[in-house]
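Below: one structure, written as structure tokens.
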Amino acid sequence: MILDARLADAWSRLPDYLGNHVLVSLTALAIGLGISLPIAIGSRRRPLLRGVLLGAASVVQTIPGLALLALFYPLLLAIAALSERALGKGFSALGFLPAVLALALYSMLPVLRNTVTGLNGVDKRLSEAARVVGVRPWQLLRDIELPLALPVIMAGIRTSAVWVIGTATLATPIGQTSLGNYIFAGLQTQNWVFVIFGCIAAAVLALAVDQLLALMQTGVTRRSSTRTVLGASGLVALTLAALLPGLARPHGEYVIGAKTFAEQYVLAALIKQRLETVGLSAERRPGLGSNVLFDALASSEVDVAVDYSGTLWANRMQRKDVAAREPMLAELSRWLATTQHIHMVGPLGFENAYTLAMTKKKANTLNIRSIADLAAHASELSVAGDYEIFARPEWALLRSAYGLKFRNQRQMQPEFMYRAVAEGEVDVIAAYTSDGQIATYDLTVLADVKHAIPSYDAILLVSPKRASDDKLLAALKPLVGSIDVATMRETNARATNGGDTPDGAARWLWERVGKK
């Protein structure tokens with residue numbers, strides 16, 4: 001039953017995910033081809049220019065895909081803000097535009113390299129003979145050089161298309177819906193059906209495009225118009241079949257943003273369900289990076305989101321002191337309103353704080369109950385955390401307060417981190433207090449007796465654009481103070497180890513909190 005539910009959920013999302021994936025990939029590939037083909041042709045007899053262009057394209061390829069995609073978002077956000085101030089009109093820096101630009105850069109190297117190689121590989125005697133009989137340079141290029149080089153150029157286009165389709169799966173954290181949504185959501189919620197489904201869908205799409213381009217390449221090489229037309233027709237048919245169902249999907253009035261871990265997927269589903277019960281349409285942008293989500297909320301590209309007071313206090317406000325919970329929430333609310341124009345609806349009722357945890361067996365063996373007790377043993381122990389914890393201000397505060405010096409540090413996906421500590425591959429993890437896996441793996445949470453870490457209330461936030469939207473605020477109000485940490489921990493467990501989907505876990509959660 002669980003497998004059937006997850007497969008049905010995966011199939012239901014395919015038109016949206018596939019359509020958006022094809023749209024962003026095709027647009028990026030078209031831009032990449034539109035730029036790289038002309039400059040490759042223009043530089044074929046200019047060795048210095050050709051070397052610079054190929055070198056620059058090669059450097060782009062050395063940048064990890066996720067990093068390149070992430071870099072474009074803050075850059076475009078700054079340009080959009082300048083455009084708004086200078087021209088009174090901005091543009092969306094979230095999702096499609098940064099993904100297209102980054103992927104277009106990624107697509108250029110194979111086309112540049114193969115176009116230059118193909119044109120330079122044309123027999124020079126043919127070119128000289130054409131010039132002798134008076135053929136003009138542009139005619140020489142059109143009638144002789146390009147047709148002879150076309151098979152090599154097509155091979156570069158095939159490589160470029162496969163690269164772009166594969167890398168597009170990494171666009172989810174910057175808000176671009178793609179087949180990567182399956183993979184990111186599946187990893188965070190341990191929904192391996194989603195992970196496998198997303199990988200297979202992306203691979204099938206890449207192989208289909210590659211084979212259709214190969215058919216066109218064969219047609220060009222053998223001068224078979226039938227094969228060329230069949231390949232081109234197949235690409236058009238594949239594109240339309242992928243695009244039309246997804247683009248025909250109605251978009252919600254409100255956009256709900258969510259970060260890249262299971263709890264956020266559940267809360268986004270809960271908010272969507274809550275809005276729909278009062279007749280408000282909504283859509284989700286899950287899997288966003290932490291900074292991307294906050295910036296998108298502040299720029300009103302996302303309407304509603306849940307963030308955590310400690311995250312904003314230490315990372316956005318850059319506060320190094322730890323205030324009491326109520327004064328901290330009051331000051332944070334003022335800061336959000338005055339500097340970001342974000343409205344804080346209120347805390348949901350539970351904390352999801354960073355904490356150090358270890359197995360009860362190991363904690364009992366070493367007689368460790370608090371982080372202060374841990375400090376005496378830290379030099380003999382290993383610690384693991386998610387990808388960002390060791391670079392965050394909170395970790396610096398924790399190390400400074402307790403003098404923590406571990407034998408080594410490891411970074412890994414959160415869901416693998418819990419299993420790693422349970423199986424003894426690491427000794428301590430930087431866990432989250434509302435995570436259901438604490439109970440699943442029988443871990444003990446170490447007390448922060450020096451209060452080095454601020455409180456991490458889950459708080460409901462609304463964008464500047466929606467700050468005075470009475471309908472939205474009234475719909476969200478029942479969620480404030482309705483979820484205690486035990487309920488959230490059990491919900492998170494259902495969305496991961498329990499085998500439920502985030503939507504199913506959110507429905508289970510609302511059945512409990514909606515009656516309070």
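Chain identifiers are assigned as A, B, and so on, following the order in which chains appear in the structure tokens; residues are numbered from 1 within each chain, and ligands are numbered from 1 in order of appearance.
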**Item:** Gly279 in chain A surroundings by only C-alpha atoms, 12 Å radius, close-in-sequence under 2 positions cut, as JSON, numbers by chain
**Value:** {"A": [252, 253, 254, 272, 273, 274, 275, 276, 277, 281, 282, 471, 472, 475]}
**Request:** Check range 180-419 of chain A with DSSP on the backbone and list each residue it calls strand (DSSP E), as a ChimeraX atom specification.
**Result:** /A:254-257,282-285,304-308,343-351,354-359,382-385,408-411
Kindly export the residues of the current selection with C-alpha atoms, as a short mmCIF file (atom, residue, chain, number, x, y, z; two decimals), in the first residue's frame.
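Writing done, so here's selection_16.cif:
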```cif
data_model
loop_
_atom_site.label_atom_id
_atom_site.label_comp_id
_atom_site.auth_asym_id
_atom_site.auth_seq_id
_atom_site.Cartn_x
_atom_site.Cartn_y
_atom_site.Cartn_z
CA TYR A 254 -0.20 32.03 -3.14
CA VAL A 255 3.32 30.58 -3.26
CA ILE A 256 4.54 28.60 -0.25
CA GLY A 257 8.32 28.24 0.09
CA ALA A 282 -1.73 27.76 -3.37
CA GLU A 283 1.33 26.14 -4.88
CA ARG A 284 4.61 25.07 -3.30
CA ARG A 285 8.25 25.88 -4.03
CA VAL A 304 4.48 32.25 2.94
CA ALA A 305 7.28 30.32 4.62
CA VAL A 306 8.34 28.81 7.93
CA ASP A 307 11.75 29.78 9.28
CA TYR A 308 13.42 29.39 12.65
CA HIS A 343 5.27 40.05 8.73
CA MET A 344 5.70 37.46 11.47
CA VAL A 345 2.33 35.75 11.98
CA GLY A 346 3.65 33.93 15.04
CA PRO A 347 5.40 30.79 16.31
CA LEU A 348 3.87 27.44 15.44
CA GLY A 349 4.48 26.18 18.97
CA PHE A 350 7.55 23.95 18.70
CA GLU A 351 11.29 24.41 18.42
CA TYR A 354 20.37 22.43 16.67
CA THR A 355 21.50 20.01 19.34
CA LEU A 356 24.24 17.47 19.85
CA ALA A 357 23.09 13.88 20.16
CA MET A 358 24.60 10.43 20.56
CA THR A 359 23.36 6.92 21.20
CA SER A 382 34.11 12.14 15.82
CA VAL A 383 31.19 14.42 14.99
CA ALA A 384 28.96 14.62 11.92
CA GLY A 385 26.62 17.36 10.76
CA ASN A 408 37.38 14.85 13.22
CA GLN A 409 34.31 16.36 11.55
CA ARG A 410 32.25 14.83 8.77
CA GLN A 411 29.49 16.32 6.64
#
```
**Prompt:** Got a sec to tell me which of range 306-434 of chain A DSSP assigns to alpha helix (DSSP H), as a ChimeraX atom specification?
**Reply:** /A:309-311,325-335,360-366,371-375,393-402,414-422
**Polymer residues at most 10 Å from Gly32 in chain A, only C-alpha atoms, same-chain spacing of 3 or more positions, as a VMD selection string** = chain A and resid 26 to 29 35 to 37 100 to 109 111 to 112 157 160
Saved selection, atoms kept: C-alpha atoms, as a PDB file, in the first residue's frame:
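To be explicit, this is the file written out as out.pdb:
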```
ATOM      1  CA  LEU A  26      15.407  23.666 -24.076  1.00  0.00           C
ATOM      2  CA  THR A  27      15.589  27.378 -23.339  1.00  0.00           C
ATOM      3  CA  ALA A  28      19.117  27.064 -21.921  1.00  0.00           C
ATOM      4  CA  LEU A  29      20.232  24.910 -24.846  1.00  0.00           C
ATOM      5  CA  ILE A  35      25.777  32.257 -28.521  1.00  0.00           C
ATOM      6  CA  SER A  36      28.369  29.516 -28.982  1.00  0.00           C
ATOM      7  CA  LEU A  37      27.798  28.713 -32.676  1.00  0.00           C
ATOM      8  CA  VAL A 100      18.479  29.104 -17.656  1.00  0.00           C
ATOM      9  CA  LEU A 101      21.537  31.362 -17.516  1.00  0.00           C
ATOM     10  CA  ALA A 102      23.658  28.877 -15.582  1.00  0.00           C
ATOM     11  CA  LEU A 103      22.644  25.961 -17.803  1.00  0.00           C
ATOM     12  CA  ALA A 104      23.260  28.024 -20.953  1.00  0.00           C
ATOM     13  CA  LEU A 105      26.852  28.581 -19.802  1.00  0.00           C
ATOM     14  CA  TYR A 106      27.199  24.854 -19.143  1.00  0.00           C
ATOM     15  CA  SER A 107      25.976  24.045 -22.651  1.00  0.00           C
ATOM     16  CA  MET A 108      28.556  26.137 -24.495  1.00  0.00           C
ATOM     17  CA  LEU A 109      31.839  24.212 -24.202  1.00  0.00           C
ATOM     18  CA  VAL A 111      29.387  23.204 -29.002  1.00  0.00           C
ATOM     19  CA  LEU A 112      32.299  25.652 -29.095  1.00  0.00           C
ATOM     20  CA  ILE A 157      25.148  19.481 -29.587  1.00  0.00           C
ATOM     21  CA  SER A 160      25.587  19.583 -24.654  1.00  0.00           C
TER      22      SER A 160
END
```
**Request:** Using only C-alpha atoms, pick whichever of A:Leu23, A:Leu238, A:Met328, A:Leu293 has the shortest atom-to-atom distance to Phe96 in chain A.
**Result:** A:Leu23
**Prompt:** What lies within 7 Å of Lys259 in chain A using only C-alpha atoms, ignoring chain neighbours under 6 positions off, as a ChimeraX atom specification?
**Reply:** /A:286-290,293
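Using only C-alpha atoms, the protein and nucleic acid residues lying no more than 10 Å from Ala314 in chain A, apart from those fewer than 6 places from it along its own chain, are A:Lys320, A:Asp321, A:Val322, A:Arg392, A:Pro393, A:Glu394, A:Leu397, A:Ile453, A:Pro454.
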Export of prior selection with C-alpha atoms as a PDB file, in the first residue's frame:
```pdb
ATOM      1  CA  LYS A 320      26.105  36.597  19.090  1.00  0.00           C
ATOM      2  CA  ASP A 321      24.185  37.000  22.320  1.00  0.00           C
ATOM      3  CA  VAL A 322      21.450  34.628  23.450  1.00  0.00           C
ATOM      4  CA  ARG A 392      27.290  28.593  10.775  1.00  0.00           C
ATOM      5  CA  PRO A 393      27.695  31.107  13.632  1.00  0.00           C
ATOM      6  CA  GLU A 394      25.859  28.739  15.977  1.00  0.00           C
ATOM      7  CA  LEU A 397      29.224  29.861  19.563  1.00  0.00           C
ATOM      8  CA  ILE A 453      22.449  28.146  21.247  1.00  0.00           C
ATOM      9  CA  PRO A 454      19.470  30.521  20.886  1.00  0.00           C
TER      10      PRO A 454
END
```
Sorted per-residue table, range 423-456 of chain A near range 363-379 of chain A, closest atoms and distance, 7 Å, only C-alpha atoms, as CSV:
```
residue,atom,partner,partner_atom,distance
A:Leu446,CA,A:Ser370,CA,4.4
A:Ala447,CA,A:Ser370,CA,4.3
A:Asp448,CA,A:Ile371,CA,5.8
A:Val449,CA,A:Ser370,CA,6.8
```
Please tabulate, as a Markdown table, the residues of range 234-308 of chain A that come within 9 Å of range 62-79 of chain A, each with its closest pair of atoms and the distance in Å to one decimal, counting only C-alpha atoms and ordering rows by chain, then residue number upward.
```
| residue | atom | partner | partner_atom | distance |
| --- | --- | --- | --- | --- |
| A:Gly289 | CA | A:Ala70 | CA | 8.8 |
| A:Val292 | CA | A:Tyr73 | CA | 7.6 |
| A:Asp295 | CA | A:Leu77 | CA | 8.3 |
| A:Ala296 | CA | A:Leu77 | CA | 8.8 |
| A:Ser299 | CA | A:Leu77 | CA | 8.5 |
```
Hey, can you spit out that residue selection with N, CA and C atoms as a PDB file, in the first residue's frame?
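File written: out-v2.pdb
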```
ATOM      1  N   GLY A 289      17.195  26.518  -0.911  1.00  0.00           N
ATOM      2  CA  GLY A 289      18.264  26.751   0.050  1.00  0.00           C
ATOM      3  C   GLY A 289      17.819  27.744   1.102  1.00  0.00           C
ATOM      4  N   VAL A 292      18.268  31.317   0.041  1.00  0.00           N
ATOM      5  CA  VAL A 292      17.406  31.564  -1.116  1.00  0.00           C
ATOM      6  C   VAL A 292      15.964  31.768  -0.656  1.00  0.00           C
ATOM      7  N   ASP A 295      15.572  35.260   1.077  1.00  0.00           N
ATOM      8  CA  ASP A 295      15.642  36.344   0.092  1.00  0.00           C
ATOM      9  C   ASP A 295      14.398  36.358  -0.802  1.00  0.00           C
ATOM     10  N   ALA A 296      13.917  35.161  -1.160  1.00  0.00           N
ATOM     11  CA  ALA A 296      12.708  35.076  -1.987  1.00  0.00           C
ATOM     12  C   ALA A 296      11.499  35.607  -1.228  1.00  0.00           C
ATOM     13  N   SER A 299      11.715  39.427  -1.038  1.00  0.00           N
ATOM     14  CA  SER A 299      11.445  40.065  -2.331  1.00  0.00           C
ATOM     15  C   SER A 299      10.055  39.708  -2.860  1.00  0.00           C
TER      16      SER A 299
END
```
**Prompt:** Quick one: residues within 9 Å of Pro502 in chain A, only C-alpha atoms counted, chain neighbours fewer than 6 positions away excluded, as a PyMOL selection string?
**Reply:** chain A and resi 189+262-263+265-270+491-492+494-496
Please dump the current selection as a PDB file, in the first residue's frame; keep C-alpha atoms.
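What follows is the written file result.pdb:
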```pdb
ATOM      1  CA  THR A 189      12.113  12.237   3.343  1.00  0.00           C
ATOM      2  CA  ALA A 262      11.605  16.701   5.633  1.00  0.00           C
ATOM      3  CA  GLU A 263       9.946  18.932   8.233  1.00  0.00           C
ATOM      4  CA  TYR A 265       8.128  19.630   3.105  1.00  0.00           C
ATOM      5  CA  VAL A 266       5.507  18.618   5.676  1.00  0.00           C
ATOM      6  CA  LEU A 267       4.879  22.182   6.877  1.00  0.00           C
ATOM      7  CA  ALA A 268       4.552  23.471   3.303  1.00  0.00           C
ATOM      8  CA  ALA A 269       1.967  20.739   2.638  1.00  0.00           C
ATOM      9  CA  LEU A 270       0.168  21.635   5.881  1.00  0.00           C
ATOM     10  CA  THR A 491       4.833  13.779  12.160  1.00  0.00           C
ATOM     11  CA  ASN A 492       8.420  13.958  10.923  1.00  0.00           C
ATOM     12  CA  ARG A 494       5.740   9.445   9.683  1.00  0.00           C
ATOM     13  CA  ALA A 495       7.118  11.414   6.715  1.00  0.00           C
ATOM     14  CA  THR A 496      10.419   9.516   6.825  1.00  0.00           C
TER      15      THR A 496
END
```
**Message:** With distances taken over only C-alpha atoms, which residue among A:Leu297, A:Val195, A:Ala232, A:Val116 lies nearest Pro464 in chain A?
**Reply:** A:Leu297
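Going from CA of Ala40 in chain A to CA of Ala99 in chain A covers 23.6 Å.
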**Request:** Can you pull out every residue within 10 Å of range 180-182 of chain A, counting only C-alpha atoms, but drop anything in the same chain fewer than 6 positions away, and send it as a PyMOL selection string?
**Result:** chain A and resi 10+13-14+17-18+21+166-173+191-199+201-202+285-287
Mind writing the picked residues with N, CA and C atoms as a PDB file, in the first residue's frame?
```
ATOM      1  N   ALA A  10       4.166   9.990  -7.202  1.00  0.00           N
ATOM      2  CA  ALA A  10       5.214  10.318  -8.177  1.00  0.00           C
ATOM      3  C   ALA A  10       4.625  10.541  -9.567  1.00  0.00           C
ATOM      4  N   ARG A  13       2.836  13.904 -10.116  1.00  0.00           N
ATOM      5  CA  ARG A  13       3.687  15.091 -10.226  1.00  0.00           C
ATOM      6  C   ARG A  13       4.456  15.147 -11.544  1.00  0.00           C
ATOM      7  N   LEU A  14       4.467  14.061 -12.304  1.00  0.00           N
ATOM      8  CA  LEU A  14       5.300  13.992 -13.507  1.00  0.00           C
ATOM      9  C   LEU A  14       5.002  15.078 -14.541  1.00  0.00           C
ATOM     10  N   TYR A  17       6.637  18.387 -13.224  1.00  0.00           N
ATOM     11  CA  TYR A  17       8.094  18.317 -13.119  1.00  0.00           C
ATOM     12  C   TYR A  17       8.754  18.157 -14.490  1.00  0.00           C
ATOM     13  N   LEU A  18       8.207  17.259 -15.312  1.00  0.00           N
ATOM     14  CA  LEU A  18       8.793  17.013 -16.633  1.00  0.00           C
ATOM     15  C   LEU A  18       8.640  18.226 -17.538  1.00  0.00           C
ATOM     16  N   HIS A  21      11.059  20.837 -16.501  1.00  0.00           N
ATOM     17  CA  HIS A  21      12.433  20.389 -16.789  1.00  0.00           C
ATOM     18  C   HIS A  21      12.756  20.583 -18.269  1.00  0.00           C
ATOM     19  N   GLY A 166      20.876  16.682 -17.596  1.00  0.00           N
ATOM     20  CA  GLY A 166      21.338  16.123 -16.325  1.00  0.00           C
ATOM     21  C   GLY A 166      21.531  17.188 -15.263  1.00  0.00           C
ATOM     22  N   THR A 167      22.163  18.294 -15.618  1.00  0.00           N
ATOM     23  CA  THR A 167      22.457  19.355 -14.641  1.00  0.00           C
ATOM     24  C   THR A 167      21.194  20.084 -14.208  1.00  0.00           C
ATOM     25  N   ALA A 168      20.163  20.106 -15.040  1.00  0.00           N
ATOM     26  CA  ALA A 168      18.903  20.786 -14.698  1.00  0.00           C
ATOM     27  C   ALA A 168      18.256  20.190 -13.449  1.00  0.00           C
ATOM     28  N   THR A 169      18.577  18.935 -13.124  1.00  0.00           N
ATOM     29  CA  THR A 169      18.019  18.330 -11.909  1.00  0.00           C
ATOM     30  C   THR A 169      18.534  19.020 -10.651  1.00  0.00           C
ATOM     31  N   LEU A 170      19.616  19.807 -10.773  1.00  0.00           N
ATOM     32  CA  LEU A 170      20.181  20.498  -9.611  1.00  0.00           C
ATOM     33  C   LEU A 170      19.574  21.877  -9.394  1.00  0.00           C
ATOM     34  N   ALA A 171      18.589  22.258 -10.220  1.00  0.00           N
ATOM     35  CA  ALA A 171      18.029  23.607 -10.151  1.00  0.00           C
ATOM     36  C   ALA A 171      16.972  23.764  -9.063  1.00  0.00           C
ATOM     37  N   THR A 172      16.574  22.679  -8.404  1.00  0.00           N
ATOM     38  CA  THR A 172      15.527  22.748  -7.380  1.00  0.00           C
ATOM     39  C   THR A 172      15.839  23.734  -6.253  1.00  0.00           C
ATOM     40  N   PRO A 173      17.067  23.753  -5.674  1.00  0.00           N
ATOM     41  CA  PRO A 173      17.326  24.665  -4.550  1.00  0.00           C
ATOM     42  C   PRO A 173      17.224  26.150  -4.876  1.00  0.00           C
ATOM     43  N   ASN A 191      12.204   8.838   0.842  1.00  0.00           N
ATOM     44  CA  ASN A 191      11.247   8.261  -0.104  1.00  0.00           C
ATOM     45  C   ASN A 191      12.045   7.793  -1.323  1.00  0.00           C
ATOM     46  N   TRP A 192      12.534   6.560  -1.252  1.00  0.00           N
ATOM     47  CA  TRP A 192      13.428   6.071  -2.298  1.00  0.00           C
ATOM     48  C   TRP A 192      12.681   5.835  -3.601  1.00  0.00           C
ATOM     49  N   VAL A 193      11.361   5.697  -3.539  1.00  0.00           N
ATOM     50  CA  VAL A 193      10.560   5.613  -4.760  1.00  0.00           C
ATOM     51  C   VAL A 193      10.719   6.911  -5.560  1.00  0.00           C
ATOM     52  N   PHE A 194      10.651   8.032  -4.869  1.00  0.00           N
ATOM     53  CA  PHE A 194      10.835   9.336  -5.519  1.00  0.00           C
ATOM     54  C   PHE A 194      12.239   9.456  -6.109  1.00  0.00           C
ATOM     55  N   VAL A 195      13.244   9.064  -5.349  1.00  0.00           N
ATOM     56  CA  VAL A 195      14.630   9.186  -5.820  1.00  0.00           C
ATOM     57  C   VAL A 195      14.824   8.371  -7.094  1.00  0.00           C
ATOM     58  N   ILE A 196      14.410   7.103  -7.064  1.00  0.00           N
ATOM     59  CA  ILE A 196      14.572   6.228  -8.231  1.00  0.00           C
ATOM     60  C   ILE A 196      13.741   6.740  -9.403  1.00  0.00           C
ATOM     61  N   PHE A 197      12.505   7.167  -9.124  1.00  0.00           N
ATOM     62  CA  PHE A 197      11.618   7.675 -10.171  1.00  0.00           C
ATOM     63  C   PHE A 197      12.259   8.885 -10.852  1.00  0.00           C
ATOM     64  N   GLY A 198      12.787   9.819 -10.058  1.00  0.00           N
ATOM     65  CA  GLY A 198      13.412  11.019 -10.623  1.00  0.00           C
ATOM     66  C   GLY A 198      14.646  10.694 -11.447  1.00  0.00           C
ATOM     67  N   CYS A 199      15.482   9.776 -10.956  1.00  0.00           N
ATOM     68  CA  CYS A 199      16.691   9.389 -11.689  1.00  0.00           C
ATOM     69  C   CYS A 199      16.332   8.732 -13.016  1.00  0.00           C
ATOM     70  N   ALA A 201      13.484   8.998 -14.719  1.00  0.00           N
ATOM     71  CA  ALA A 201      12.832   9.960 -15.618  1.00  0.00           C
ATOM     72  C   ALA A 201      13.862  10.863 -16.295  1.00  0.00           C
ATOM     73  N   ALA A 202      14.844  11.357 -15.527  1.00  0.00           N
ATOM     74  CA  ALA A 202      15.880  12.219 -16.110  1.00  0.00           C
ATOM     75  C   ALA A 202      16.736  11.451 -17.108  1.00  0.00           C
ATOM     76  N   ARG A 285       6.887  25.844  -3.492  1.00  0.00           N
ATOM     77  CA  ARG A 285       8.247  25.878  -4.027  1.00  0.00           C
ATOM     78  C   ARG A 285       9.142  25.209  -2.976  1.00  0.00           C
ATOM     79  N   PRO A 286       9.181  23.883  -2.947  1.00  0.00           N
ATOM     80  CA  PRO A 286       9.970  23.208  -1.915  1.00  0.00           C
ATOM     81  C   PRO A 286      11.431  23.060  -2.326  1.00  0.00           C
ATOM     82  N   GLY A 287      12.261  22.658  -1.368  1.00  0.00           N
ATOM     83  CA  GLY A 287      13.656  22.346  -1.655  1.00  0.00           C
ATOM     84  C   GLY A 287      14.544  23.554  -1.847  1.00  0.00           C
TER      85      GLY A 287
END
```
**Request:** Would you mind reading off the distance between CA of Ala506 in chain A and CA of Thr487 in chain A, one decimal, in Å?
**Result:** 11.3 Å
**Complete:** Among A:Leu398, A:Ala149, A:Leu205, A:Val278, Asn114 in chain A is approached most closely, using only C-alpha atoms, by A:Ala149
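Across the model, the gap from CA of His341 in chain A to CA of Val480 in chain A is 19.8 Å.
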